[in-house]
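Peer 1: Sharing a structure here in structure tokens format.
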Amino acid sequence: MKSRLPIEQIIKILQQDLPTLFEQDISYDIYTADIYFQDPVNKFKYKFNYRIIFWTLRFHARLFFTEIYFDLHEVYQSDPDTIIAKWTVRGVLRVPWKARIFFNGYSTYKLNQDNLIYEHIDTWDRSPREILQQFWQKGEDEI
């Protein structure tokens, strides 16, 4: 039987993993095998699919962006079984007009009795449609 990780350790792993998720893979040891993930465009279950979403994020980041950042603002325990991570995604698209993408969000992670994450829900500050519309706007010089 695996020993129960302290919540502080889960928070530390998220603080290490999230800022570089567009460049390198995350640690999957803190998630259950049947992790449920949901954001405004995706909804699925199981660690295999969870791994694919992170692989897809890295693939699309390299393919479609000259610069992309996941700015992690804070990670904290909001309830005994809940961790919140607040973040911003910003980047420059690989198009001649250098369109910029920018949106804020937060991730809600639910923990089971073994302190493993069994649910990850992302909330964005704008709709997927609003984010896609940024792709057609001319970018500024500063990111």
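Here's how to read the names in the structure tokens: chain A, B, ... by the order shown, residue numbers from 1 in each chain, ligand numbers from 1 in the order shown.
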What's around Ile13 (chain A) at 10 Å? Count only C-alpha atoms, leave out sequence neighbours fewer than 3 positions away in its own chain, and write the answer as a list in words.
Peer 2: Ile7, Glu8, Gln9, Ile10, Gln16, Asp17, Leu18, Ile26, Ser27, Tyr28, Asp29 and Ile30 of chain A
Peer 1: If we count only C-alpha atoms and set the cut-off at 9 Å, which residues sit around His73 (chain A), ignoring sequence neighbours fewer than 3 positions away in its own chain? Please answer as a PyMOL selection string.
Peer 2: chain A and resi 85-88
Peer 1: Please measure the separation of CA of Arg58 (chain A) and CA of Leu5 (chain A), giving the value in Å to one decimal.
Peer 2: 27.5 Å
Peer 1: Please report, as CSV, each residue of region 30-116 of chain A lying at most 10 Å from region 135-139 of chain A, together with the nearest pair of atoms and the separation in Å rounded to one decimal; use only C-alpha atoms, and order rows by chain and ascending residue number.
Peer 2:
residue,atom,partner,partner_atom,distance
A:Val92,CA,A:Gly139,CA,7.7
A:Leu93,CA,A:Phe135,CA,7.2
A:Arg94,CA,A:Phe135,CA,9.8
A:Val95,CA,A:Phe135,CA,8.7
A:Pro96,CA,A:Lys138,CA,8.9
A:Trp97,CA,A:Lys138,CA,5.1
A:Lys98,CA,A:Gly139,CA,5.0
A:Ala99,CA,A:Gly139,CA,4.3
A:Arg100,CA,A:Gly139,CA,5.3
A:Ile101,CA,A:Phe135,CA,6.8
Peer 1: Would you save the residues of that selection, restricted to N, CA and C atoms, as a compact mmCIF listing (two decimals), in the first residue's frame?
Peer 2:
# COMPACT_ATOMS: atom_id res chain seq x y z
N VAL A 92 2.40 33.89 -28.15
CA VAL A 92 2.44 34.54 -29.47
C VAL A 92 2.27 33.44 -30.50
N LEU A 93 1.24 33.57 -31.32
CA LEU A 93 0.98 32.56 -32.35
C LEU A 93 1.97 32.66 -33.50
N ARG A 94 2.23 31.54 -34.12
CA ARG A 94 3.16 31.43 -35.23
C ARG A 94 2.42 31.84 -36.53
N VAL A 95 2.01 33.11 -36.59
CA VAL A 95 1.35 33.67 -37.78
C VAL A 95 2.02 35.00 -38.10
N PRO A 96 1.98 35.44 -39.37
CA PRO A 96 2.67 36.68 -39.74
C PRO A 96 2.26 37.90 -38.91
N TRP A 97 1.01 37.95 -38.45
CA TRP A 97 0.54 39.12 -37.69
C TRP A 97 0.79 38.95 -36.17
N LYS A 98 1.49 37.87 -35.79
CA LYS A 98 1.93 37.65 -34.41
C LYS A 98 0.80 37.83 -33.40
N ALA A 99 -0.32 37.20 -33.68
CA ALA A 99 -1.46 37.28 -32.76
C ALA A 99 -1.06 36.76 -31.39
N ARG A 100 -1.69 37.34 -30.38
CA ARG A 100 -1.39 36.96 -29.01
C ARG A 100 -2.60 36.30 -28.37
N ILE A 101 -2.30 35.29 -27.57
CA ILE A 101 -3.36 34.63 -26.81
C ILE A 101 -3.12 34.97 -25.34
Peer 1: Tell me, which residues of region 44-75 of chain A carry DSSP helix (DSSP H, G or I), written as a list in words?
Peer 2: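 Filtering region 44-75 of chain A to helix (DSSP H, G or I) leaves Lys47, Phe48, Asn49, Tyr50, Arg51, Ile52, Ile53, Phe54, Trp55, Thr56, Leu57, Arg58, Phe59, His60, Ala61, Arg62, Leu63 and Phe64 of chain A.
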Peer 1: Taking only C-alpha atoms into account, which of A:Leu14, A:Leu21, A:Val75, A:Ile35 comes nearest Glu119 (chain A)?
Peer 2: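 Closest residue, counting only C-alpha atoms: A:Ile35.
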Peer 1: Can you work out the spacing between CA of His120 (chain A) and CA of Pro80 (chain A) in Å, to one decimal?
Peer 2: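 Those two atoms sit 15.6 Å apart.
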Peer 1: Give me, as a PyMOL selection string, all polymer residues having an atom no more than 8 Å from Thr123 (chain A), counting only C-alpha atoms and skipping those fewer than 6 positions away in the same chain.
Peer 2: chain A and resi 39-40+105-107
Peer 1: Can you write just those residues out, C-alpha atoms, as a PDB file, in the first residue's frame?
Peer 2:
ATOM      1  CA  ASP A  39     -12.320  22.297 -18.983  1.00  0.00           C
ATOM      2  CA  PRO A  40     -14.555  24.415 -21.253  1.00  0.00           C
ATOM      3  CA  GLY A 105      -8.093  30.626 -15.158  1.00  0.00           C
ATOM      4  CA  TYR A 106      -7.990  28.412 -12.165  1.00  0.00           C
ATOM      5  CA  SER A 107      -7.775  24.676 -11.604  1.00  0.00           C
TER       6      SER A 107
END
Peer 1: Find the residue from A:Ile83, A:Thr20, A:Tyr76, A:Phe65 that sits nearest to Tyr118 (chain A); use only C-alpha atoms when measuring.
Peer 2: A:Ile83
